[in-house]
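K.L.:
One structure, pasted below without further comment.
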Amino acid sequence: MLAGGDHSPPPTSTSSPEHPLLSAHLLLPDPSPSDLSSPHLPHALAFSFLTHPSPLPRRLLLLLHAAGGRFPAFYHSFASALLSLPFPLLLPHPRARLLLAAAELTRAAAPGFAPLLLSLLRRVPFPGDARLPDLIREHSSFLAAEEPQLLASAVFAFLRLLARNRLAPFPRSAECSNCEECKSAKNLEECGEKLVSFCVSVLRDHFQVCTLIGRDLVRSLHELVLVPEFQGFWKDLMLARNTDICRVVTPGWCTALSISPEMETQLLFMMSNVKWGGQKRYQLWFARKHLMVPGGEERIPDIVRFICCGYHPTNEVIQSGVIARWAVIGWLLTSCSKGYIVANAKLALFYDWLFFDETKGNVMNIEPAMLLMLNSISQYVDITNVLLEFLFLLIENYEVRRKEAIEQCVRCAFIVLVKKGVLPSLELLTGCEKLSPLLRQKLVAFLSSTTPVAAVEACLKPINEVSKAAELKKRVC
């Protein structure tokens, strides 16, 4: 079932992910209705599903639903057995069968189908994934009522895939030549029209469900607005509603959809276990595995969004000396070799600033941008200048009709960052001589205009030289 390597344990080894399924198969080599009460049946049936030559015998489908009908927990066990296998290592035939199993569980509305589908959505693109839009569209009304988060997840995952491929299409994926089932499996990247049709259809029919995505729905559609189908949808619906949607903070589970589980695991390990000074070899390993591959760099904006919204470290982690979120983002920004990716990554970094509301927003979403600007002053002041300049460009040009509202949101973000103690005073920026004089003047004028005097004075107040704030300023400037 799995593509082995020199360091991979054999299936008979207890450390192999295949071992539980293979052991159950050896006990029940030919599952039948007489085995319904066997505790080994979920793993044995999962093994038969994934490995049986084409076509899949109808008796296995009947046995699956007979066991699920008699024992409600069986579906969960069957889905868990499928999820226990490392997806990137699955050979093409078992991978195609995994899609078939997901389709059967979805059609039966079986317990456990949602995590399985969600896992597949996080894996796109892969050979054969073109069946996913058809499967989800077929059951979209049921999902909208019973699993709205799953339907919204599908829309967002496909929108991000379309946005990345619009800029840099991936090469054609290799397909299996051993069976007819895999020969006919197409990749979603080769079915752009199907993806566009799916997204527009679900957005029109179940728009309220799609608003669960939050403001990143608007960000994604902005990137696709030149696609004719999305252009029509934007004019018909989004122009009137995007203001309300932008007030909805994008949930963390949503930003995780646009990166693979392996990327998430490795990023979280870096930001919770790797100490300052030891991060370079981990960053290089991550870049070689995920960024230095076709289409890898296009994922950087989505990684930045995940770091900002999907991972909020505890105070214990922050104080433990591990590499900070802002440092990882700074490394990602300097890793970009294409101008449009740098721009999209900076937009991802500042996106929550443009719509920040103290009553609804989370300061942890805007903290990385501020700390990156602040901590770059001492050695990499150009980064601070570039980020500040980009923030002002966003304020002026992102949405001209709502410029004043965006200005107020950004001012609110600055004030809340001081209020929450992310930095002791904005004088660290406004009074720092290393910054571009023009940007400093612009920042002071921006913070002072139409802002309550008390709030501005609190943010710009001089820092006592004997305070910790003074020590920080000396270290920065």
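By order of appearance in the structure tokens: chains A, B, ..., then residues from 1 within every chain, and ligands from 1 in the order shown.
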So which residues touch A:Ile383 within 9 Å, counting only C-alpha atoms, skipping near sequence neighbours fewer than 3 positions away, as an MDAnalysis selection string?

P.N.:
chainID A and resid 330 372:373 376:377 380 386:388

K.L.:
For the contact check between stretch 303-355 of chain A and stretch 198-214 of chain A, emit one row per residue of stretch 303-355 of chain A within 12 Å, containing the shortest atom pair and the distance in Å rounded to one decimal, counting only C-alpha atoms, chain then rising number order, as a Markdown table.

P.N.:
| residue | atom | partner | partner_atom | distance |
| --- | --- | --- | --- | --- |
| A:Cys309 | CA | A:Gly214 | CA | 11.7 |
| A:Tyr351 | CA | A:Gly214 | CA | 11.8 |
| A:Asp352 | CA | A:Gly214 | CA | 10.9 |
| A:Phe355 | CA | A:Gly214 | CA | 11.3 |

K.L.:
Save the residues we just selected, all heavy atoms, as an mmCIF file, in the first residue's frame?

P.N.:
data_model
loop_
_atom_site.group_PDB
_atom_site.id
_atom_site.type_symbol
_atom_site.label_atom_id
_atom_site.label_comp_id
_atom_site.auth_asym_id
_atom_site.auth_seq_id
_atom_site.Cartn_x
_atom_site.Cartn_y
_atom_site.Cartn_z
ATOM 1 N N CYS A 309 -2.926 33.521 11.839
ATOM 2 C CA CYS A 309 -4.277 33.230 12.335
ATOM 3 C C CYS A 309 -4.452 31.825 12.896
ATOM 4 O O CYS A 309 -5.355 31.596 13.698
ATOM 5 C CB CYS A 309 -5.308 33.429 11.210
ATOM 6 S SG CYS A 309 -5.265 35.059 10.458
ATOM 7 N N TYR A 351 -3.318 41.671 6.378
ATOM 8 C CA TYR A 351 -4.728 41.651 5.986
ATOM 9 C C TYR A 351 -5.657 41.939 7.162
ATOM 10 O O TYR A 351 -6.651 42.664 7.016
ATOM 11 C CB TYR A 351 -5.075 40.306 5.340
ATOM 12 C CG TYR A 351 -6.294 40.381 4.464
ATOM 13 C CD1 TYR A 351 -6.305 41.181 3.326
ATOM 14 C CD2 TYR A 351 -7.436 39.669 4.761
ATOM 15 C CE1 TYR A 351 -7.420 41.269 2.510
ATOM 16 C CE2 TYR A 351 -8.556 39.743 3.946
ATOM 17 C CZ TYR A 351 -8.537 40.543 2.837
ATOM 18 O OH TYR A 351 -9.654 40.644 2.034
ATOM 19 N N ASP A 352 -5.360 41.388 8.317
ATOM 20 C CA ASP A 352 -6.229 41.628 9.472
ATOM 21 C C ASP A 352 -6.152 43.063 9.977
ATOM 22 O O ASP A 352 -7.078 43.535 10.638
ATOM 23 C CB ASP A 352 -5.883 40.648 10.598
ATOM 24 C CG ASP A 352 -6.305 39.225 10.272
ATOM 25 O OD1 ASP A 352 -7.504 39.006 10.040
ATOM 26 O OD2 ASP A 352 -5.439 38.337 10.236
ATOM 27 N N PHE A 355 -8.994 45.487 8.623
ATOM 28 C CA PHE A 355 -10.385 45.356 9.086
ATOM 29 C C PHE A 355 -10.431 45.132 10.596
ATOM 30 O O PHE A 355 -11.398 44.594 11.118
ATOM 31 C CB PHE A 355 -11.066 44.191 8.362
ATOM 32 C CG PHE A 355 -10.827 44.183 6.882
ATOM 33 C CD1 PHE A 355 -9.922 43.300 6.311
ATOM 34 C CD2 PHE A 355 -11.486 45.082 6.053
ATOM 35 C CE1 PHE A 355 -9.682 43.303 4.945
ATOM 36 C CE2 PHE A 355 -11.254 45.087 4.690
ATOM 37 C CZ PHE A 355 -10.354 44.203 4.130
#

K.L.:
Which of stretch 18-154 of chain A end up as alpha helix (DSSP H) when DSSP is run on this backbone - answer as a PyMOL selection string?

P.N.:
chain A and resi 19-27+41-51+58-70+73-83+92-107+113-121+131-138+140-146+148-154

K.L.:
Could you list, as a PDB file with all heavy atoms, in the first residue's frame, every residue within 9 Å of A:Ala24, counting only C-alpha atoms and ignoring same-chain residues fewer than 3 positions away?

P.N.:
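The resulting file, around-v3.pdb, is reproduced below:
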ATOM      1  N   HIS A  19       0.959  -2.123   9.526  1.00  0.00           N
ATOM      2  CA  HIS A  19       0.906  -3.344  10.333  1.00  0.00           C
ATOM      3  C   HIS A  19      -0.484  -3.657  10.889  1.00  0.00           C
ATOM      4  O   HIS A  19      -0.943  -4.811  10.797  1.00  0.00           O
ATOM      5  CB  HIS A  19       1.924  -3.256  11.467  1.00  0.00           C
ATOM      6  CG  HIS A  19       1.973  -4.490  12.305  1.00  0.00           C
ATOM      7  ND1 HIS A  19       1.320  -4.591  13.523  1.00  0.00           N
ATOM      8  CD2 HIS A  19       2.578  -5.694  12.109  1.00  0.00           C
ATOM      9  CE1 HIS A  19       1.521  -5.779  14.027  1.00  0.00           C
ATOM     10  NE2 HIS A  19       2.291  -6.481  13.200  1.00  0.00           N
ATOM     11  N   PRO A  20      -1.219  -2.681  11.473  1.00  0.00           N
ATOM     12  CA  PRO A  20      -2.551  -3.029  12.001  1.00  0.00           C
ATOM     13  C   PRO A  20      -3.497  -3.551  10.929  1.00  0.00           C
ATOM     14  O   PRO A  20      -4.276  -4.478  11.173  1.00  0.00           O
ATOM     15  CB  PRO A  20      -3.060  -1.708  12.587  1.00  0.00           C
ATOM     16  CG  PRO A  20      -1.824  -0.906  12.850  1.00  0.00           C
ATOM     17  CD  PRO A  20      -0.867  -1.283  11.771  1.00  0.00           C
ATOM     18  N   LEU A  21      -3.426  -2.973   9.719  1.00  0.00           N
ATOM     19  CA  LEU A  21      -4.304  -3.419   8.643  1.00  0.00           C
ATOM     20  C   LEU A  21      -3.885  -4.794   8.133  1.00  0.00           C
ATOM     21  O   LEU A  21      -4.730  -5.661   7.877  1.00  0.00           O
ATOM     22  CB  LEU A  21      -4.311  -2.407   7.494  1.00  0.00           C
ATOM     23  CG  LEU A  21      -5.234  -1.195   7.663  1.00  0.00           C
ATOM     24  CD1 LEU A  21      -4.697  -0.240   8.731  1.00  0.00           C
ATOM     25  CD2 LEU A  21      -5.394  -0.443   6.342  1.00  0.00           C
ATOM     26  N   LEU A  27      -5.806 -12.246   9.781  1.00  0.00           N
ATOM     27  CA  LEU A  27      -6.810 -12.913  10.604  1.00  0.00           C
ATOM     28  C   LEU A  27      -8.117 -13.105   9.852  1.00  0.00           C
ATOM     29  O   LEU A  27      -8.813 -14.122  10.026  1.00  0.00           O
ATOM     30  CB  LEU A  27      -7.066 -12.106  11.874  1.00  0.00           C
ATOM     31  CG  LEU A  27      -5.902 -12.048  12.879  1.00  0.00           C
ATOM     32  CD1 LEU A  27      -6.193 -11.022  13.969  1.00  0.00           C
ATOM     33  CD2 LEU A  27      -5.667 -13.428  13.500  1.00  0.00           C
ATOM     34  N   LEU A  28      -8.456 -12.126   9.005  1.00  0.00           N
ATOM     35  CA  LEU A  28      -9.684 -12.190   8.196  1.00  0.00           C
ATOM     36  C   LEU A  28      -9.328 -11.932   6.739  1.00  0.00           C
ATOM     37  O   LEU A  28      -9.561 -10.852   6.187  1.00  0.00           O
ATOM     38  CB  LEU A  28     -10.693 -11.140   8.681  1.00  0.00           C
ATOM     39  CG  LEU A  28     -11.161 -11.211  10.141  1.00  0.00           C
ATOM     40  CD1 LEU A  28     -12.052 -10.021  10.464  1.00  0.00           C
ATOM     41  CD2 LEU A  28     -11.928 -12.513  10.377  1.00  0.00           C
ATOM     42  N   PRO A  29      -8.718 -12.919   6.077  1.00  0.00           N
ATOM     43  CA  PRO A  29      -8.257 -12.697   4.697  1.00  0.00           C
ATOM     44  C   PRO A  29      -9.390 -12.450   3.710  1.00  0.00           C
ATOM     45  O   PRO A  29      -9.180 -11.796   2.680  1.00  0.00           O
ATOM     46  CB  PRO A  29      -7.508 -13.994   4.364  1.00  0.00           C
ATOM     47  CG  PRO A  29      -8.049 -15.004   5.310  1.00  0.00           C
ATOM     48  CD  PRO A  29      -8.411 -14.273   6.550  1.00  0.00           C
ATOM     49  N   HIS A  40     -11.650  -7.127  14.479  1.00  0.00           N
ATOM     50  CA  HIS A  40     -10.637  -6.923  13.449  1.00  0.00           C
ATOM     51  C   HIS A  40     -11.242  -6.511  12.103  1.00  0.00           C
ATOM     52  O   HIS A  40     -10.499  -6.189  11.172  1.00  0.00           O
ATOM     53  CB  HIS A  40      -9.811  -8.201  13.253  1.00  0.00           C
ATOM     54  CG  HIS A  40      -9.179  -8.717  14.506  1.00  0.00           C
ATOM     55  ND1 HIS A  40      -8.143  -8.064  15.139  1.00  0.00           N
ATOM     56  CD2 HIS A  40      -9.460  -9.818  15.267  1.00  0.00           C
ATOM     57  CE1 HIS A  40      -7.796  -8.743  16.225  1.00  0.00           C
ATOM     58  NE2 HIS A  40      -8.581  -9.811  16.325  1.00  0.00           N
ATOM     59  N   LEU A  41     -12.573  -6.542  12.012  1.00  0.00           N
ATOM     60  CA  LEU A  41     -13.211  -6.301  10.715  1.00  0.00           C
ATOM     61  C   LEU A  41     -12.924  -4.903  10.147  1.00  0.00           C
ATOM     62  O   LEU A  41     -12.659  -4.796   8.935  1.00  0.00           O
ATOM     63  CB  LEU A  41     -14.724  -6.532  10.822  1.00  0.00           C
ATOM     64  CG  LEU A  41     -15.504  -6.368   9.512  1.00  0.00           C
ATOM     65  CD1 LEU A  41     -14.988  -7.349   8.460  1.00  0.00           C
ATOM     66  CD2 LEU A  41     -17.004  -6.573   9.738  1.00  0.00           C
ATOM     67  N   PRO A  42     -12.955  -3.804  10.931  1.00  0.00           N
ATOM     68  CA  PRO A  42     -12.697  -2.483  10.318  1.00  0.00           C
ATOM     69  C   PRO A  42     -11.347  -2.411   9.611  1.00  0.00           C
ATOM     70  O   PRO A  42     -11.265  -1.927   8.472  1.00  0.00           O
ATOM     71  CB  PRO A  42     -12.752  -1.523  11.515  1.00  0.00           C
ATOM     72  CG  PRO A  42     -13.613  -2.211  12.519  1.00  0.00           C
ATOM     73  CD  PRO A  42     -13.312  -3.671  12.358  1.00  0.00           C
ATOM     74  N   HIS A  43     -10.295  -2.913  10.249  1.00  0.00           N
ATOM     75  CA  HIS A  43      -8.969  -2.863   9.630  1.00  0.00           C
ATOM     76  C   HIS A  43      -8.862  -3.852   8.469  1.00  0.00           C
ATOM     77  O   HIS A  43      -8.245  -3.550   7.436  1.00  0.00           O
ATOM     78  CB  HIS A  43      -7.885  -3.156  10.670  1.00  0.00           C
ATOM     79  CG  HIS A  43      -7.644  -2.025  11.621  1.00  0.00           C
ATOM     80  ND1 HIS A  43      -8.429  -1.793  12.726  1.00  0.00           N
ATOM     81  CD2 HIS A  43      -6.706  -1.046  11.624  1.00  0.00           C
ATOM     82  CE1 HIS A  43      -7.983  -0.734  13.374  1.00  0.00           C
ATOM     83  NE2 HIS A  43      -6.940  -0.246  12.731  1.00  0.00           N
ATOM     84  N   ALA A  44      -9.469  -5.044   8.629  1.00  0.00           N
ATOM     85  CA  ALA A  44      -9.416  -6.033   7.548  1.00  0.00           C
ATOM     86  C   ALA A  44     -10.156  -5.529   6.314  1.00  0.00           C
ATOM     87  O   ALA A  44      -9.690  -5.683   5.176  1.00  0.00           O
ATOM     88  CB  ALA A  44     -10.013  -7.358   8.028  1.00  0.00           C
ATOM     89  N   LEU A  45     -11.310  -4.907   6.524  1.00  0.00           N
ATOM     90  CA  LEU A  45     -12.085  -4.387   5.401  1.00  0.00           C
ATOM     91  C   LEU A  45     -11.367  -3.201   4.762  1.00  0.00           C
ATOM     92  O   LEU A  45     -11.375  -3.051   3.527  1.00  0.00           O
ATOM     93  CB  LEU A  45     -13.480  -3.970   5.880  1.00  0.00           C
ATOM     94  CG  LEU A  45     -14.503  -3.648   4.793  1.00  0.00           C
ATOM     95  CD1 LEU A  45     -14.683  -4.832   3.843  1.00  0.00           C
ATOM     96  CD2 LEU A  45     -15.851  -3.279   5.421  1.00  0.00           C
ATOM     97  N   PHE A  47      -8.146  -2.842   4.599  1.00  0.00           N
ATOM     98  CA  PHE A  47      -7.069  -3.443   3.802  1.00  0.00           C
ATOM     99  C   PHE A  47      -7.613  -3.968   2.478  1.00  0.00           C
ATOM    100  O   PHE A  47      -7.005  -3.751   1.414  1.00  0.00           O
ATOM    101  CB  PHE A  47      -6.408  -4.576   4.601  1.00  0.00           C
ATOM    102  CG  PHE A  47      -5.206  -5.169   3.928  1.00  0.00           C
ATOM    103  CD1 PHE A  47      -3.940  -4.684   4.205  1.00  0.00           C
ATOM    104  CD2 PHE A  47      -5.330  -6.213   3.008  1.00  0.00           C
ATOM    105  CE1 PHE A  47      -2.815  -5.235   3.582  1.00  0.00           C
ATOM    106  CE2 PHE A  47      -4.225  -6.755   2.388  1.00  0.00           C
ATOM    107  CZ  PHE A  47      -2.970  -6.261   2.679  1.00  0.00           C
TER     108      PHE A  47
END

K.L.:
Out of A:Asn165, A:Phe356, A:Leu195, A:Phe78, which residue has the shortest atom-to-atom distance to A:Gly296 when counting only C-alpha atoms?

P.N.:
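Among the listed residues, A:Asn165 lies closest to A:Gly296.
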
K.L.:
For atom CA of A:Val381 and atom CA of A:Val416, determine how far apart the two atoms are, in Å to one decimal place.

P.N.:
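Those two atoms sit 23.6 Å apart.
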
K.L.:
Nearest residue to A:Asn242 out of A:Ser32, A:Ser436, A:Ser220, A:Ser140, using only C-alpha atoms?

P.N.:
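The shortest atom-to-atom distance to A:Asn242 comes from A:Ser220.
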
K.L.:
Give me, please, the distance in Å between atom CA of A:Leu439 and atom CA of A:Leu391, quoted to one decimal.

P.N.:
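About the pair atom CA of A:Leu439 and atom CA of A:Leu391: they are 10.8 Å apart.
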
K.L.:
Measuring between only C-alpha atoms, which one of A:Val328, A:Ile307, A:Ala130, A:Leu99 shows the shortest distance to A:Lys280?

P.N.:
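Closest residue, counting only C-alpha atoms: A:Val328.
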
K.L.:
Residues within 7 Å of stretch 61-68 of chain A, please, as a ChimeraX atom specification. Count only C-alpha atoms; anything in the same chain fewer than 4 positions from it doesn't count.

P.N.:
/A:32-33,36,72,74-75

K.L.:
Atom CA of A:Pro437 and atom CA of A:Ser378, how far apart in Å?

P.N.:
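If I compute the distance from atom CA of A:Ser378 to atom CA of A:Pro437, I get 15.9 Å.
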
K.L.:
As a PyMOL selection string, please: the residues near A:Ser258 (cut-off 8 Å, only C-alpha atoms, same-chain neighbours under 4 positions excluded).

P.N.:
chain A and resi 122+156-157+160-161+254+299+302-303

K.L.:
Give me a file of those residues, with N, CA, C and O atoms, as a PDB file, in the first residue's frame.

P.N.:
ATOM      1  N   ARG A 122      -7.216  18.685   2.343  1.00  0.00           N
ATOM      2  CA  ARG A 122      -5.936  19.287   2.701  1.00  0.00           C
ATOM      3  C   ARG A 122      -4.792  18.715   1.875  1.00  0.00           C
ATOM      4  O   ARG A 122      -3.672  19.251   1.919  1.00  0.00           O
ATOM      5  N   PHE A 156     -13.050  26.903   0.208  1.00  0.00           N
ATOM      6  CA  PHE A 156     -11.811  27.642   0.460  1.00  0.00           C
ATOM      7  C   PHE A 156     -10.594  26.885  -0.080  1.00  0.00           C
ATOM      8  O   PHE A 156      -9.700  27.480  -0.677  1.00  0.00           O
ATOM      9  N   ALA A 157     -10.551  25.573   0.120  1.00  0.00           N
ATOM     10  CA  ALA A 157      -9.418  24.784  -0.371  1.00  0.00           C
ATOM     11  C   ALA A 157      -9.296  24.891  -1.892  1.00  0.00           C
ATOM     12  O   ALA A 157      -8.187  25.054  -2.426  1.00  0.00           O
ATOM     13  N   ARG A 160      -8.148  28.491  -2.989  1.00  0.00           N
ATOM     14  CA  ARG A 160      -6.710  28.691  -2.828  1.00  0.00           C
ATOM     15  C   ARG A 160      -5.929  27.933  -3.895  1.00  0.00           C
ATOM     16  O   ARG A 160      -4.919  28.428  -4.403  1.00  0.00           O
ATOM     17  N   LEU A 161      -6.385  26.732  -4.245  1.00  0.00           N
ATOM     18  CA  LEU A 161      -5.719  25.979  -5.312  1.00  0.00           C
ATOM     19  C   LEU A 161      -5.814  26.728  -6.633  1.00  0.00           C
ATOM     20  O   LEU A 161      -4.828  26.833  -7.379  1.00  0.00           O
ATOM     21  N   CYS A 254      -9.573  27.397   9.164  1.00  0.00           N
ATOM     22  CA  CYS A 254      -9.676  27.713   7.737  1.00  0.00           C
ATOM     23  C   CYS A 254      -8.292  27.935   7.130  1.00  0.00           C
ATOM     24  O   CYS A 254      -7.998  27.446   6.037  1.00  0.00           O
ATOM     25  N   ARG A 299       2.946  28.914  -2.205  1.00  0.00           N
ATOM     26  CA  ARG A 299       2.263  28.618  -0.953  1.00  0.00           C
ATOM     27  C   ARG A 299       2.665  29.560   0.185  1.00  0.00           C
ATOM     28  O   ARG A 299       2.054  29.542   1.254  1.00  0.00           O
ATOM     29  N   ASP A 302      -0.033  31.652   1.885  1.00  0.00           N
ATOM     30  CA  ASP A 302      -0.923  30.834   2.703  1.00  0.00           C
ATOM     31  C   ASP A 302      -0.245  30.402   4.000  1.00  0.00           C
ATOM     32  O   ASP A 302      -0.901  30.291   5.053  1.00  0.00           O
ATOM     33  N   ILE A 303       1.067  30.167   3.948  1.00  0.00           N
ATOM     34  CA  ILE A 303       1.799  29.816   5.169  1.00  0.00           C
ATOM     35  C   ILE A 303       1.803  31.009   6.126  1.00  0.00           C
ATOM     36  O   ILE A 303       1.621  30.851   7.341  1.00  0.00           O
TER      37      ILE A 303
END

K.L.:
Using only C-alpha atoms, which of the listed residues (A:Pro111, A:Pro88, A:Pro301, A:Gly277) sits closest to A:Ala327?

P.N.:
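Closest to A:Ala327 of all the choices is A:Gly277.
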
K.L.:
Just want the 6 Å neighbourhood of stretch 261-276 of chain A, counted on only C-alpha atoms, with same-chain residues fewer than 2 positions away dropped. Output as a list of chain:residue names.

P.N.:
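My reading of the contact set: A:Gly278, A:Gly321, A:Val322, A:Ile323.
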
K.L.:
Emit the selected residues as a short mmCIF file (atom, residue, chain, number, x, y, z; two decimals), in the first residue's frame, including C-alpha atoms.

P.N.:
data_model
loop_
_atom_site.label_atom_id
_atom_site.label_comp_id
_atom_site.auth_asym_id
_atom_site.auth_seq_id
_atom_site.Cartn_x
_atom_site.Cartn_y
_atom_site.Cartn_z
CA GLY A 278 19.29 26.60 15.92
CA GLY A 321 13.28 30.96 23.96
CA VAL A 322 11.92 29.26 20.84
CA ILE A 323 11.94 30.97 17.47
#

K.L.:
Considering only C-alpha atoms, return as a ChimeraX atom specification whatever protein or nucleic-acid residues lie within 12 Å of A:Asp357, sequence-local ones (same chain, fewer than 4 positions apart) excluded.

P.N.:
/A:246-249,352-353,361-363,365-366,405-416
